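What follows is a set of notes on a single structure, which appears directly below.
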Amino acid sequence: MYPIVKKQRLAPEVLLLEVEASRIARKAEAGQFMILRVDDPGERIPLTLADWDRERGTITLIFQEVGVSTKKLGLLNEGEAISDCVGPLGHASEIGEYGTVVCIGGGVGIAPIYPVARAQRAAGNRVISIIGARNKNLLFWEDKLRAVSDEVLVTTDDGSYRRKGFVTDVLKQLVDGGEQVDIAYAIGPVVMMRAVSHLTMEYGIHTVVSLNPIMMDGTGMCGACRVTVDGETRFACVDGPEFDGHKVDFVGLMKRQQMYLGQEKEARERMGHCRAERDA
Amino acid sequence: MTKRIGEIPRQKMPEQSPEDRCKNFDEVPLGYTVELAQREASRCLQCKKPACRQGCPVEIDIPAFIRLIVEGDFVGSAQKLKETNNLPAVCGRVCPQEAQCEKFCILGKRFEPVAIGRLERFAADYERTHGEVNLPEIAVDTGKRVAVVGGGPSGLTLAADLAKMGHRATIFEGLHTPGGVLVYGIPEFRLPKAIVRAEVDFVRRLGVEIEANQVVGKTITVDELLETFDAVYIATGAGAPVFMNIEGENLNGIYSANEYLTRVNLMKAYRFPEMDTPVARSRKAVVIGGGNVAMDSARTARRLGAEVHLVYRRSRVEMPARDEEIHHAEEEGIEFQLLTNPIRYLGNEEGWVTGAECLRMELGQPDASGRRRPVPIEGSEFVIEVDTVIVAIGNQANPLVPASTPGLETNRWGNIVADEETGKTSRDGVFAGGDIVTGAATVIEAMGAAKRAARAIDRFLRGEGKKL
């Protein structure tokens, strides 16, 4: 069991859990993910690591309560425990001396972009972070990113906080304004990563995206997470999760993410039903 | 004994009818009753030089355990089994006895061989269900520690054997539950998971520690393990699925057998939504392949309500699956499309598979495996309408451990190079066995490799031949 030592609502729709998992914390690097199972009937779900503390032996998970598993996860309180946590999984981000690195986080993708920005900054790069979300209810960690970035630009789709527009609008403005960008990292919803990749392709900026397909074991055993990259099938769990955004088949990825929509809806309804009965 | 040799026929084991069983996940064979077991056991000739034993990779004293059944000492029989086999209830169910012990049974030369596997199952089940699971003698603690990478049949066997020899074994299991292929691969209806749990509990009671959620190569490396353990045994299995790399293979509804079976067996998707993990609700499924895993996949899809076609590129004779499995699949209404091979998958706009385009094949000259090679018949393309495809054409070595262990020699297929008799690898103190060494094989062969490696590790730990 993996006890929860801290639970914090970061924004109306975003939750943070700090979990005791010393072995994962000891090895974690930017870009890696973990898999958890909330309880015994639970499914295995992947979450990219938002942070870790090697001394305290904890990892930080950030998520939105959208499906049955994340809703169940959100019901756990400090002192309670997650049944299973395994990791760190996947390859770490390639940290190097690039020059200027743009780190783009969209929605809960803001969480995993944080350690990437921190590591790229520590490697001596100039880091510009761009974070965005649908509205201000989904924004968080602007302050944390400021601490590890040379510049932070914030946007919301509806203009409810800072500026109005997509992260791609900010990126476009930045590059058109004469900023020399050497590499871009984008983590967030698939549509966002695709839009960023399309834009940077035009500008010839190498772009790394972190993919989040359906996974099960996370060790290369099942192939649920296969994605097409540069015309070849790759397993996001062991070959990724980061890939060259200019080579990823995003359309195929989006279709594969839809695979269990029907069952997911049914499970959510059933969960709502059970809770209503229990609360009655 | 006054009975005539071969007078009593081999006793059949009662099983669920095909009509009933393809609607549930309960075990198909129901096991011998005491009467049936004793009648079958009485057929054993108690040979002075029992040929059957040479067919058993874990060296069971077969006549001895059978004699105890005849004498009515069923618990004693189970304990006799457990002197050499730590997982008899598993082996009695999943071993291919017809190619091992029973193949060498002297009685089998003129009559049908003694049903050794069914008797093994009976004795192990009797002990478990009568609450009399005693522990064997455990040697004095040597204080030596061994890390076992992988909690499947090979790792469990090795850890149990070392524990009996007085060493301290800790299993590092990547998934959240130990058992390896016994829990994620082999379906409930062939090997109930309660039985695996009981056998794993037995291994724990021997003093073996099991740490779940530890992906060696990621969470911890072999070199880090060697800092606190005196030896390491790698038994990670053949865990990486093989796809055909044909058009449309990433469409929704197309699974590796590993994924499909893991969803249903380990994650219990057959009980969705009570369990959270979903699996496709198939109307018509096609399984590609002719091995045991293909049969397991087909029979699983059948139980989930699908009409199932099994597509295999050679003929029935060349199918690598056990006869018993093929027979069970046929009884359950799986339709075999033999001498057929998929060449691409067709899909709809939402990205779901709708058809498998196949070619008919004919058999040509024998290939390297000695089996006649399937050759496509030109112009024989046809489409099977499907909403689910399960690719069960084999597994390859998972590179996680070799890739994170410098100096660990692998062959060109990525399998770890290890001595067949001792499991020794190119790294001092590191041993390996099971499918990660041999490529996909059987549960019992992986257990046999573990038995041999356990003896070698014992010698290594006691300082004999420490330096290679």
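Residue numbering restarts at 1 in every chain; chains get A, B, ... in the order shown in the structure tokens, and ligands count up from 1 in that same order.
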
Residue neighbourhood segment 198-212 of chain A, 8 Å, only C-alpha atoms, exclusion window fewer than 3 positions, as a list in words: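 Contacts, with the query itself left out: Gly31, Pro46, Thr168, Lys172, Val181, Asp182, Ile183, Ala184, Tyr185, Ala186, Ile187, Gly188, Val190, Met193, Arg194, Ala195, Ala236, Gly240, Pro241, Glu242, Phe243, Asp244, Gly245 and His246 of chain A.
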
message: Can you work out which residues from chain B touch chain A at a cut-off of 6 Å (counting only C-alpha atoms) and hand them back as a PyMOL selection string?
response: chain B and resi 213+219+239-240+252+258-259+273+275-277+351

Keeping N, CA and C atoms for every residue in the selection just given, could you write it to a file as an mmCIF file, in the first residue's frame?
data_model
loop_
_atom_site.group_PDB
_atom_site.id
_atom_site.type_symbol
_atom_site.label_atom_id
_atom_site.label_comp_id
_atom_site.auth_asym_id
_atom_site.auth_seq_id
_atom_site.Cartn_x
_atom_site.Cartn_y
_atom_site.Cartn_z
ATOM 1 N N ASN B 213 4.920 -4.876 -7.618
ATOM 2 C CA ASN B 213 5.130 -3.523 -8.179
ATOM 3 C C ASN B 213 6.591 -3.123 -8.301
ATOM 4 N N THR B 219 12.501 0.207 -11.643
ATOM 5 C CA THR B 219 12.407 0.563 -10.230
ATOM 6 C C THR B 219 13.744 0.322 -9.537
ATOM 7 N N GLY B 239 7.793 -11.880 -22.383
ATOM 8 C CA GLY B 239 6.641 -11.003 -22.190
ATOM 9 C C GLY B 239 6.324 -10.002 -23.257
ATOM 10 N N ALA B 240 7.032 -9.966 -24.367
ATOM 11 C CA ALA B 240 6.746 -8.905 -25.340
ATOM 12 C C ALA B 240 5.997 -9.483 -26.541
ATOM 13 N N ASN B 252 -8.671 -0.011 -33.679
ATOM 14 C CA ASN B 252 -9.339 -0.382 -32.427
ATOM 15 C C ASN B 252 -9.979 -1.755 -32.578
ATOM 16 N N ASN B 258 -1.604 -11.180 -25.309
ATOM 17 C CA ASN B 258 -1.173 -10.752 -23.971
ATOM 18 C C ASN B 258 -2.138 -9.732 -23.391
ATOM 19 N N GLU B 259 -2.472 -8.725 -24.190
ATOM 20 C CA GLU B 259 -3.358 -7.684 -23.667
ATOM 21 C C GLU B 259 -4.751 -8.257 -23.392
ATOM 22 N N PRO B 273 -18.959 -4.162 -15.248
ATOM 23 C CA PRO B 273 -18.318 -3.018 -14.602
ATOM 24 C C PRO B 273 -18.070 -3.185 -13.091
ATOM 25 N N MET B 275 -15.742 -4.893 -11.893
ATOM 26 C CA MET B 275 -14.315 -4.595 -11.928
ATOM 27 C C MET B 275 -14.135 -3.457 -12.925
ATOM 28 N N ASP B 276 -13.138 -2.614 -12.698
ATOM 29 C CA ASP B 276 -13.051 -1.377 -13.487
ATOM 30 C C ASP B 276 -12.473 -1.528 -14.892
ATOM 31 N N THR B 277 -11.753 -2.612 -15.140
ATOM 32 C CA THR B 277 -11.075 -2.742 -16.438
ATOM 33 C C THR B 277 -12.027 -3.262 -17.508
ATOM 34 N N GLY B 351 -12.136 4.280 -36.727
ATOM 35 C CA GLY B 351 -10.888 3.599 -36.393
ATOM 36 C C GLY B 351 -11.064 2.206 -35.836
#

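Residues surrounding segment 152-160 of chain B within 7 Å are Asn86, Val148, Val149, Ala163, Lys164, Ala169, Pro178, Gly179, Gly180, Val181, Leu182, Val203, Leu206, Val208, Ala235, Gly433, Gly434, Val443, Ala446, Met447, Ala450, Lys451 and Ala454 of chain B [only C-alpha atoms; sequence separation below 3 positions excluded].
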
- request: Could you pull out the residues in segment 137-251 of chain A that DSSP calls strand (DSSP E or B) from the backbone, as a ChimeraX atom specification?
  value: /A:151-156,163-164,183-187,206-210,226-229,232-235,242-244,248
